[in-house]
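Q: You'll find query_26.txt just under this line, and it carries compact mmCIF, C-alpha atoms and all ligand atoms.
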# COMPACT_ATOMS: atom_id res chain seq x y z
CA MET A 1 -17.48 -139.57 -9.28
CA SER A 2 -17.82 -139.02 -13.00
CA GLU A 3 -14.70 -138.93 -15.10
CA SER A 4 -13.61 -136.42 -17.70
CA MET A 5 -13.44 -138.77 -20.66
CA THR A 6 -15.07 -141.95 -21.91
CA SER A 7 -13.38 -145.33 -21.80
CA LEU A 8 -13.08 -145.22 -25.58
CA GLU A 9 -11.36 -141.82 -25.55
CA ARG A 10 -9.05 -142.89 -22.72
CA THR A 11 -8.01 -146.06 -24.54
CA LEU A 12 -7.54 -144.43 -27.96
CA LEU A 13 -5.29 -141.75 -26.42
CA THR A 14 -3.26 -144.49 -24.75
CA LEU A 15 -2.83 -146.40 -28.01
CA ASP A 16 -1.83 -143.15 -29.66
CA GLY A 17 1.09 -142.79 -27.26
CA LYS A 18 -0.60 -139.90 -25.42
CA LEU A 19 -1.49 -139.52 -21.75
CA PRO A 20 -5.19 -139.71 -20.88
CA ASP A 21 -6.61 -138.87 -17.44
CA ARG A 22 -5.61 -142.28 -16.06
CA VAL A 23 -4.49 -145.79 -16.98
CA PRO A 24 -7.31 -147.70 -18.74
CA VAL A 25 -8.39 -151.12 -17.42
CA ASP A 26 -9.36 -154.21 -19.41
CA LEU A 27 -11.11 -157.36 -18.26
CA HIS A 28 -10.40 -160.76 -19.80
CA ASN A 29 -13.65 -162.05 -18.38
CA PHE A 30 -15.53 -164.27 -20.81
CA GLN A 31 -15.66 -167.04 -18.20
CA MET A 32 -16.97 -164.65 -15.56
CA THR A 33 -19.71 -163.53 -17.96
CA ALA A 34 -21.00 -167.12 -18.19
CA ARG A 35 -21.39 -167.14 -14.42
CA LEU A 36 -22.85 -163.63 -14.35
CA MET A 37 -25.52 -164.77 -16.81
CA GLY A 38 -26.32 -167.74 -14.58
CA ALA A 39 -25.52 -170.14 -17.41
CA THR A 40 -26.28 -173.65 -16.17
CA SER A 41 -24.22 -175.03 -19.02
CA PHE A 42 -21.23 -173.09 -20.30
CA ALA A 43 -21.43 -175.38 -23.35
CA ASP A 44 -24.65 -173.72 -24.52
CA PHE A 45 -23.54 -170.23 -23.48
CA TYR A 46 -20.35 -170.34 -25.58
CA ARG A 47 -22.33 -171.21 -28.72
CA ASP A 48 -24.84 -168.38 -28.27
CA GLY A 49 -23.75 -164.98 -29.61
CA ASP A 50 -26.69 -163.13 -28.04
CA ALA A 51 -26.01 -164.58 -24.58
CA MET A 52 -22.27 -163.90 -24.80
CA ALA A 53 -22.99 -160.30 -25.81
CA GLU A 54 -25.50 -159.81 -23.02
CA GLY A 55 -22.98 -161.17 -20.49
CA GLN A 56 -20.30 -158.77 -21.74
CA ILE A 57 -22.66 -155.80 -21.59
CA LYS A 58 -23.93 -156.70 -18.10
CA ALA A 59 -20.36 -157.06 -16.84
CA TRP A 60 -19.49 -153.66 -18.31
CA GLU A 61 -22.50 -152.08 -16.62
CA ARG A 62 -21.43 -153.66 -13.34
CA PHE A 63 -17.67 -152.91 -13.43
CA GLY A 64 -17.23 -150.02 -15.88
CA HIS A 65 -13.94 -151.29 -17.33
CA ASP A 66 -12.50 -149.47 -20.34
CA VAL A 67 -11.59 -152.36 -22.62
CA LEU A 68 -13.79 -155.38 -23.37
CA ILE A 69 -12.41 -158.64 -24.76
CA VAL A 70 -15.12 -160.56 -26.63
CA GLU A 71 -14.37 -164.24 -27.26
CA ASN A 72 -15.31 -167.79 -26.32
CA GLY A 73 -11.86 -169.22 -25.66
CA THR A 74 -9.02 -170.60 -27.73
CA ALA A 75 -10.64 -173.24 -29.91
CA ALA A 76 -13.13 -171.46 -32.21
CA LEU A 77 -10.92 -171.25 -35.29
CA ALA A 78 -9.68 -174.78 -34.67
CA GLU A 79 -13.27 -176.03 -34.62
CA ALA A 80 -13.95 -174.17 -37.86
CA CYS A 81 -10.98 -175.99 -39.41
CA GLY A 82 -12.26 -179.45 -38.46
CA VAL A 83 -10.65 -179.96 -35.05
CA HIS A 84 -12.94 -181.87 -32.69
CA VAL A 85 -13.68 -179.42 -29.88
CA ILE A 86 -15.23 -180.41 -26.56
CA TYR A 87 -17.74 -178.03 -24.99
CA GLN A 88 -17.55 -178.42 -21.23
CA ASP A 89 -20.30 -177.60 -18.74
CA ASP A 90 -18.16 -175.51 -16.42
CA ALA A 91 -15.16 -174.31 -18.44
CA ALA A 92 -14.14 -172.93 -21.83
CA PRO A 93 -14.21 -175.18 -24.92
CA VAL A 94 -11.01 -177.15 -25.60
CA ALA A 95 -9.50 -178.75 -28.71
CA LYS A 96 -9.60 -182.52 -28.37
CA GLU A 97 -8.88 -184.33 -31.65
CA PRO A 98 -6.63 -182.88 -34.38
CA ALA A 99 -8.00 -182.22 -37.88
CA ILE A 100 -5.12 -183.84 -39.77
CA LYS A 101 -3.08 -186.99 -39.22
CA SER A 102 -0.01 -185.95 -41.16
CA LEU A 103 1.61 -182.77 -42.46
CA ASP A 104 0.81 -184.09 -45.95
CA ASP A 105 -2.89 -183.51 -45.26
CA VAL A 106 -2.47 -179.73 -45.17
CA ASP A 107 -3.58 -179.33 -48.76
CA SER A 108 -6.96 -180.89 -47.94
CA LEU A 109 -7.80 -178.05 -45.52
CA GLU A 110 -10.07 -175.20 -46.59
CA VAL A 111 -10.14 -171.65 -45.24
CA PRO A 112 -13.51 -171.38 -43.44
CA ASP A 113 -15.94 -168.56 -44.20
CA PRO A 114 -16.38 -166.93 -40.78
CA TYR A 115 -19.92 -165.89 -41.63
CA LYS A 116 -20.98 -169.45 -42.47
CA VAL A 117 -19.37 -171.59 -39.77
CA PRO A 118 -21.74 -171.45 -36.74
CA VAL A 119 -19.12 -171.08 -33.97
CA LEU A 120 -17.45 -168.17 -35.77
CA ALA A 121 -20.74 -166.56 -36.80
CA GLU A 122 -21.95 -166.63 -33.16
CA ASN A 123 -18.70 -165.06 -31.94
CA LEU A 124 -19.03 -162.37 -34.61
CA LYS A 125 -22.63 -161.78 -33.58
CA ALA A 126 -21.49 -161.33 -29.97
CA THR A 127 -18.96 -158.70 -31.06
CA ARG A 128 -21.54 -156.89 -33.22
CA ARG A 129 -24.12 -156.78 -30.42
CA VAL A 130 -21.59 -155.43 -27.92
CA VAL A 131 -20.42 -152.79 -30.40
CA GLU A 132 -24.00 -151.75 -31.13
CA ALA A 133 -24.79 -151.40 -27.42
CA ILE A 134 -21.67 -149.71 -26.00
CA GLY A 135 -19.06 -149.38 -28.76
CA ASP A 136 -19.42 -145.59 -28.75
CA ARG A 137 -18.20 -145.48 -25.14
CA ALA A 138 -15.97 -148.50 -24.49
CA PHE A 139 -13.09 -150.01 -26.46
CA ILE A 140 -14.04 -153.39 -27.91
CA ILE A 141 -11.53 -156.10 -28.84
CA GLY A 142 -13.15 -158.74 -31.05
CA ARG A 143 -10.80 -161.59 -30.27
CA GLY A 144 -9.26 -163.19 -33.35
CA ASP A 145 -7.70 -166.15 -31.56
CA GLN A 146 -5.93 -168.26 -32.46
CA GLY A 147 -2.61 -167.08 -33.92
CA PRO A 148 -0.95 -169.15 -36.67
CA PHE A 149 1.25 -171.26 -34.38
CA SER A 150 -1.52 -171.90 -31.85
CA LEU A 151 -4.01 -172.87 -34.56
CA ALA A 152 -1.45 -175.13 -36.25
CA SER A 153 -0.79 -176.92 -32.95
CA GLU A 154 -4.54 -177.61 -32.62
CA ILE A 155 -5.06 -178.68 -36.24
CA ARG A 156 -2.03 -180.99 -36.16
CA GLY A 157 -2.35 -181.95 -32.48
CA MET A 158 0.02 -180.42 -29.93
CA SER A 159 2.20 -183.47 -29.27
CA ASP A 160 2.54 -184.43 -32.95
CA PHE A 161 3.29 -180.82 -33.85
CA MET A 162 6.03 -180.71 -31.21
CA VAL A 163 7.52 -183.87 -32.73
CA ASP A 164 7.38 -182.28 -36.21
CA LEU A 165 9.30 -179.28 -34.88
CA ALA A 166 11.83 -181.34 -32.96
CA LEU A 167 12.56 -183.67 -35.91
CA GLY A 168 12.89 -180.65 -38.19
CA GLU A 169 12.69 -182.90 -41.27
CA GLN A 170 9.89 -181.09 -43.11
CA PRO A 171 10.24 -177.39 -42.40
CA GLU A 172 8.56 -176.40 -45.67
CA LYS A 173 5.47 -178.47 -44.81
CA ILE A 174 5.32 -176.94 -41.34
CA HIS A 175 5.43 -173.51 -42.92
CA ARG A 176 2.70 -174.53 -45.37
CA LEU A 177 0.47 -175.43 -42.42
CA LEU A 178 1.37 -172.13 -40.75
CA ASP A 179 0.61 -170.24 -44.00
CA PHE A 180 -2.83 -171.84 -44.04
CA CYS A 181 -3.42 -170.95 -40.39
CA ARG A 182 -2.34 -167.38 -41.01
CA GLU A 183 -4.88 -167.07 -43.84
CA VAL A 184 -7.66 -168.51 -41.64
CA ALA A 185 -6.78 -166.09 -38.84
CA TYR A 186 -6.52 -163.09 -41.17
CA ARG A 187 -9.98 -163.71 -42.66
CA TYR A 188 -11.59 -164.08 -39.22
CA MET A 189 -9.77 -161.10 -37.73
CA LEU A 190 -10.98 -158.91 -40.60
CA ALA A 191 -14.52 -160.19 -39.97
CA GLN A 192 -14.20 -159.11 -36.31
CA ILE A 193 -13.34 -155.60 -37.52
CA GLU A 194 -16.26 -155.76 -39.96
CA GLN A 195 -18.53 -156.07 -36.88
CA GLY A 196 -17.27 -152.69 -35.69
CA ALA A 197 -14.68 -153.92 -33.17
CA HIS A 198 -11.99 -151.31 -32.48
CA CYS A 199 -9.29 -153.95 -32.40
CA THR A 200 -8.76 -157.65 -32.98
CA SER A 201 -6.17 -160.01 -31.51
CA ILE A 202 -3.68 -162.79 -32.11
CA GLY A 203 -3.45 -165.36 -29.30
CA ASP A 204 -0.32 -167.46 -29.66
CA SER A 205 0.63 -168.68 -26.19
CA PRO A 206 1.79 -172.14 -27.38
CA SER A 207 4.64 -170.31 -29.17
CA GLY A 208 5.91 -168.74 -25.92
CA PRO A 209 9.06 -169.69 -24.00
CA ASP A 210 7.02 -171.73 -21.50
CA VAL A 211 6.24 -174.14 -24.36
CA ILE A 212 8.86 -173.88 -27.12
CA SER A 213 12.37 -172.50 -27.30
CA PRO A 214 12.97 -168.94 -28.52
CA ARG A 215 14.81 -170.50 -31.47
CA PHE A 216 11.66 -172.33 -32.60
CA TYR A 217 9.64 -169.18 -31.89
CA ARG A 218 11.87 -167.17 -34.23
CA GLU A 219 11.78 -169.84 -36.92
CA TYR A 220 8.12 -170.87 -36.90
CA ALA A 221 5.96 -168.40 -34.98
CA TYR A 222 7.44 -164.93 -35.39
CA PRO A 223 7.57 -164.72 -39.22
CA HIS A 224 3.89 -165.63 -39.52
CA VAL A 225 2.74 -163.25 -36.80
CA LYS A 226 4.87 -160.46 -38.31
CA ARG A 227 3.27 -161.04 -41.72
CA LEU A 228 -0.21 -161.22 -40.15
CA VAL A 229 0.29 -157.95 -38.28
CA ASP A 230 1.67 -156.30 -41.44
CA ASP A 231 -1.33 -157.50 -43.47
CA LEU A 232 -3.81 -156.30 -40.82
CA LYS A 233 -2.11 -152.93 -40.40
CA ALA A 234 -2.15 -152.47 -44.19
CA GLN A 235 -5.95 -152.59 -43.82
CA GLY A 236 -5.84 -150.05 -40.97
CA VAL A 237 -6.65 -152.71 -38.37
CA ARG A 238 -5.45 -152.52 -34.75
CA VAL A 239 -4.30 -155.83 -33.31
CA ALA A 240 -3.34 -157.11 -29.84
CA TYR A 241 -0.78 -159.93 -29.48
CA HIS A 242 -1.18 -162.31 -26.54
CA ILE A 243 1.42 -164.76 -25.30
CA CYS A 244 1.05 -165.68 -21.64
CA GLY A 245 3.75 -167.31 -19.56
CA ASN A 246 7.22 -165.84 -19.30
CA SER A 247 7.54 -163.94 -22.57
CA THR A 248 10.62 -161.96 -21.51
CA PRO A 249 13.09 -163.88 -23.75
CA ILE A 250 11.01 -162.94 -26.83
CA ILE A 251 9.57 -159.58 -25.76
CA GLU A 252 11.75 -157.64 -28.24
CA GLU A 253 10.39 -159.74 -31.11
CA MET A 254 6.80 -159.44 -29.85
CA VAL A 255 7.14 -155.66 -29.87
CA SER A 256 8.85 -155.66 -33.27
CA THR A 257 5.85 -157.37 -34.89
CA GLY A 258 4.30 -153.90 -34.78
CA ALA A 259 1.24 -155.10 -32.84
CA THR A 260 -0.82 -152.23 -31.43
CA ILE A 261 -1.03 -153.96 -28.03
CA VAL A 262 1.32 -156.57 -26.52
CA GLU A 263 -0.24 -158.62 -23.72
CA ILE A 264 1.98 -159.89 -20.91
CA ASP A 265 1.31 -161.77 -17.68
CA GLN A 266 2.73 -161.98 -14.17
CA LYS A 267 5.66 -164.16 -15.24
CA ALA A 268 7.09 -161.47 -17.52
CA ASP A 269 9.87 -159.20 -16.24
CA LEU A 270 7.97 -155.92 -16.02
CA ARG A 271 10.99 -153.62 -16.23
CA LEU A 272 12.46 -155.35 -19.28
CA SER A 273 9.03 -155.46 -20.92
CA LYS A 274 8.55 -151.75 -20.29
CA ALA A 275 11.98 -150.95 -21.72
CA ALA A 276 11.22 -152.99 -24.85
CA ALA A 277 7.77 -151.46 -25.36
CA GLN A 278 8.37 -147.81 -24.47
CA GLY A 279 7.33 -145.56 -27.34
CA LYS A 280 6.62 -148.54 -29.62
CA THR A 281 3.49 -150.32 -28.40
CA THR A 282 1.01 -150.47 -25.53
CA LEU A 283 1.46 -153.19 -22.92
CA LEU A 284 -1.65 -154.87 -21.48
CA GLY A 285 -1.70 -156.99 -18.31
CA PRO A 286 0.00 -158.31 -16.15
CA VAL A 287 -1.96 -159.15 -12.98
CA ASP A 288 -2.07 -162.88 -12.15
CA PRO A 289 -5.62 -164.03 -13.00
CA SER A 290 -5.71 -167.19 -10.86
CA GLY A 291 -3.22 -166.57 -8.08
CA VAL A 292 -4.25 -162.99 -7.33
CA LEU A 293 -7.51 -161.97 -9.01
CA ALA A 294 -9.45 -165.20 -8.48
CA ASN A 295 -7.91 -166.33 -5.18
CA GLY A 296 -6.39 -163.28 -3.52
CA THR A 297 -8.02 -160.55 -1.45
CA PRO A 298 -8.91 -157.06 -2.70
CA ASP A 299 -5.80 -155.83 -0.85
CA ASP A 300 -3.65 -158.33 -2.76
CA VAL A 301 -5.14 -157.13 -6.04
CA MET A 302 -4.59 -153.50 -5.09
CA ALA A 303 -0.93 -154.17 -4.18
CA LYS A 304 -0.15 -156.08 -7.39
CA ALA A 305 -1.99 -153.57 -9.57
CA ARG A 306 -0.17 -150.68 -7.90
CA GLU A 307 3.21 -152.34 -8.45
CA ALA A 308 2.36 -152.91 -12.14
CA ILE A 309 1.21 -149.31 -12.55
CA GLU A 310 4.39 -147.96 -10.95
CA ILE A 311 6.58 -149.87 -13.39
CA LEU A 312 4.49 -149.94 -16.56
CA ALA A 313 2.47 -146.70 -16.56
CA PRO A 314 5.14 -143.95 -16.63
CA GLY A 315 5.12 -142.22 -20.00
CA GLY A 316 1.90 -143.97 -21.02
CA GLY A 317 1.43 -147.03 -23.27
CA PHE A 318 -0.17 -149.19 -20.58
CA ILE A 319 -3.54 -150.85 -20.04
CA LEU A 320 -3.99 -152.51 -16.64
CA GLY A 321 -5.70 -155.90 -16.55
CA PRO A 322 -5.39 -159.62 -15.96
CA GLY A 323 -2.46 -161.40 -17.63
CA CYS A 324 -4.82 -163.99 -19.09
CA ALA A 325 -8.41 -165.21 -18.88
CA LEU A 326 -10.06 -164.74 -15.48
CA PRO A 327 -11.51 -167.89 -13.88
CA ASP A 328 -15.31 -167.79 -13.65
CA THR A 329 -15.00 -167.85 -9.85
CA THR A 330 -13.17 -164.50 -9.66
CA PRO A 331 -14.88 -162.43 -6.92
CA ASP A 332 -16.52 -159.18 -8.01
CA GLU A 333 -14.80 -157.24 -5.21
CA ASN A 334 -11.41 -158.16 -6.66
CA ILE A 335 -12.42 -156.71 -10.03
CA ASP A 336 -13.58 -153.58 -8.23
CA ALA A 337 -10.16 -153.39 -6.54
CA LEU A 338 -8.38 -153.70 -9.90
CA ILE A 339 -10.35 -150.78 -11.31
CA ASP A 340 -9.97 -148.75 -8.12
CA ALA A 341 -6.21 -149.22 -8.35
CA ALA A 342 -6.16 -147.57 -11.78
CA LYS A 343 -8.25 -144.67 -10.45
CA ARG A 344 -6.14 -144.30 -7.33
CA TYR A 345 -2.59 -144.92 -8.57
CA GLY A 346 -2.88 -144.69 -12.35
CA ARG A 347 -3.66 -141.00 -12.79
CA TYR A 348 -1.65 -139.07 -15.37
CA ASP A 349 -3.43 -135.75 -14.94
CA ARG A 350 -2.15 -135.20 -11.39
CA ARG A 351 1.47 -136.00 -12.03
ZN ZN B 401 -3.22 -166.46 -21.97
Translate this file's structure into C-alpha cells.
Ligand SMILES: [Zn+2]

A:
Amino acid sequence: MSESMTSLERTLLTLDGKLPDRVPVDLHNFQMTARLMGATSFADFYRDGDAMAEGQIKAWERFGHDVLIVENGTAALAEACGVHVIYQDDAAPVAKEPAIKSLDDVDSLEVPDPYKVPVLAENLKATRRVVEAIGDRAFIIGRGDQGPFSLASEIRGMSDFMVDLALGEQPEKIHRLLDFCREVAYRYMLAQIEQGAHCTSIGDSPSGPDVISPRFYREYAYPHVKRLVDDLKAQGVRVAYHICGNSTPIIEEMVSTGATIVEIDQKADLRLSKAAAQGKTTLLGPVDPSGVLANGTPDDVMAKAREAIEILAPGGGFILGPGCALPDTTPDENIDALIDAAKRYGRYDRR
C-alpha cells in the first residue's frame, strides 16, 4: 500500500512539531549493512565510503525506513585525533590506545581536517553518496560521533579520564581537552551537513548515568554539548543527541541543550522522557536493540514498539527505532515488524 507522503516529508513534519500521517521509523543499522553487503571483513567495509553507502541504500530499498543513520561506529573522530583504533573482522571499530599520556599533552593535539583524514573522508563520502541516491525521499543523519566527552575519554583513555574526573585536581585542563574535542566535533559535524545530510549527531554515551554521575555530567559534559548545539543551530544545522543507558536522571538537561532530536533507549523511563520532551524536541528510540530486535521474535518487537508508540507518540515529536546500534545478526523479519508497528499503531491521521 502506498503512503500519502515521503519519508522525508513525514520526518520533517515530525521535527517541526506537527503530526504527519504516522510515526516515522529510523534504523541504527550500520552493522546490519555490513552483513547485508556480504562483507567478509567488516574491517575493510568500515573504511570504504562507497561500500558503506551501498549497504545503506540497499537496506533502505529492502526495509523502507524513514530515517537513515550513516556512520561507522564510535571511533572515527578518535582515530583522526591520533587514538589507535582496532578494526575488527566481525564488529565495529574500537578505540584501543589513547592519543595522550597526560592532560598536559592537550596542547599538542591538532584539529583534523575531515576532508583530509581518510577515515573521516570515507564516512563523508558515504553520507554524500546516500544523499545523492535517496536524500530527496528519506531523512539522512550524517553521524557526527563522538560528542566532546566521549571523544575526550577516547583521546585520554577511559580509565585515566575517569581518574582525572575523580581526582578533580585539574578541572581547567579537563575543560581544555573538552574544548578541543568540541572543536573537532563541530568541524566534522559541519562537514556532514556539507555533504547534504539533513541532520548530524552528537554521541556521548560515556557521559550518561550508567557511566558517570549526573554531577559530573553537569560539570563536564553538558556545558560542552550545550555550546556545540548552540554553535550548530546558529548555522541552521539540525542535530540529534544520543546517550544510551538510563538517561532519565539527566533527561531534562538533554532536552535543554536544544538538540533537534534526543535519542533514548529501553532503560529510560518513557513517561518521564515524554513529559520532559513534549513540545520541545523529538524523541528517537527506544526499542532494545539486542534483547528485543536482535534476539526476540517479531511478536516481541511488535509488542515493545506498540508500547513505545502508546507512550511516546501522542501529540507528535516521536521517531520509532532501536535505542542504539543494531547487532549485525538482527533478523530482517524483526525490522519488518518494527516498521509494521509504526504503520499499524503509529497513525496520526486516523485518531
Ligand atoms: Zn548507544

Q: So that each row is one residue of range 265-315 of chain A with an atom at most 12 Å from range 198-222 of chain A, can you give its shortest atom pair and the distance in Å to one decimal, using all atoms listed in the file, rows by chain and rising number, as JSON lines?

A:
{"residue": "A:Asp265", "atom": "CA", "partner": "A:Ser205", "partner_atom": "CA", "distance": 11.0}
{"residue": "A:Lys267", "atom": "CA", "partner": "A:Asp210", "partner_atom": "CA", "distance": 9.9}
{"residue": "A:Ala268", "atom": "CA", "partner": "A:Pro209", "partner_atom": "CA", "distance": 10.7}

Q: Find the residue from A:Ala275, A:Leu103, A:Cys244, A:Ala53 that sits nearest to ligand ZN 401 (chain B); use only C-alpha atoms and all ligand atoms when measuring.

A: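 Looking only at the distances to ligand ZN 401 (chain B), the closest residue turns out to be A:Cys244.
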
Q: Might you pull out every residue within 10 Å of range 260-264 of chain A, with only C-alpha atoms counted and same-chain residues fewer than 3 positions away left off, and present them as an NGL selection string?

A: :A and (15-16 or 199-203 or 229 or 233 or 237-248 or 251 or 254-255 or 257 or 267-270 or 273 or 277 or 280-287 or 317-319 or 321-324)

Q: Please put the answer as lines of an AutoDock Vina configuration file: centre and edge lengths, in Å with one decimal, of a box along x, y and z that encloses all listed atoms of range 106-122 of chain A plus 8 Å on each side.

A:
center_x = -12.2
center_y = -173.4
center_z = -41.0
size_x = 35.5
size_y = 31.0
size_z = 31.6

Q: What's the separation between CA of Val130 in chain A and CA of Arg10 in chain A, in Å to one decimal place?

A: 18.5 Å

Q: Which distance in Å separates CA of Asp48 in chain A and CA of Leu190 in chain A, to one decimal?

A: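 Between these atoms lies a distance of 20.8 Å.
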
Q: Quick one: distance from CA of Gln146 in chain A to CA of Ala76 in chain A in Å, one decimal?

A: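 Separation of CA of Gln146 in chain A and CA of Ala76 in chain A: 7.9 Å.
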
Q: Please determine, counting only C-alpha atoms, which residue among A:Asp349, A:Glu71, A:Asp136, A:Asp21 has the shortest atom-to-atom distance to Ala325 in chain A.

A: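 Of A:Asp349, A:Glu71, A:Asp136, A:Asp21, the one nearest Ala325 in chain A is A:Glu71, counting only C-alpha atoms.
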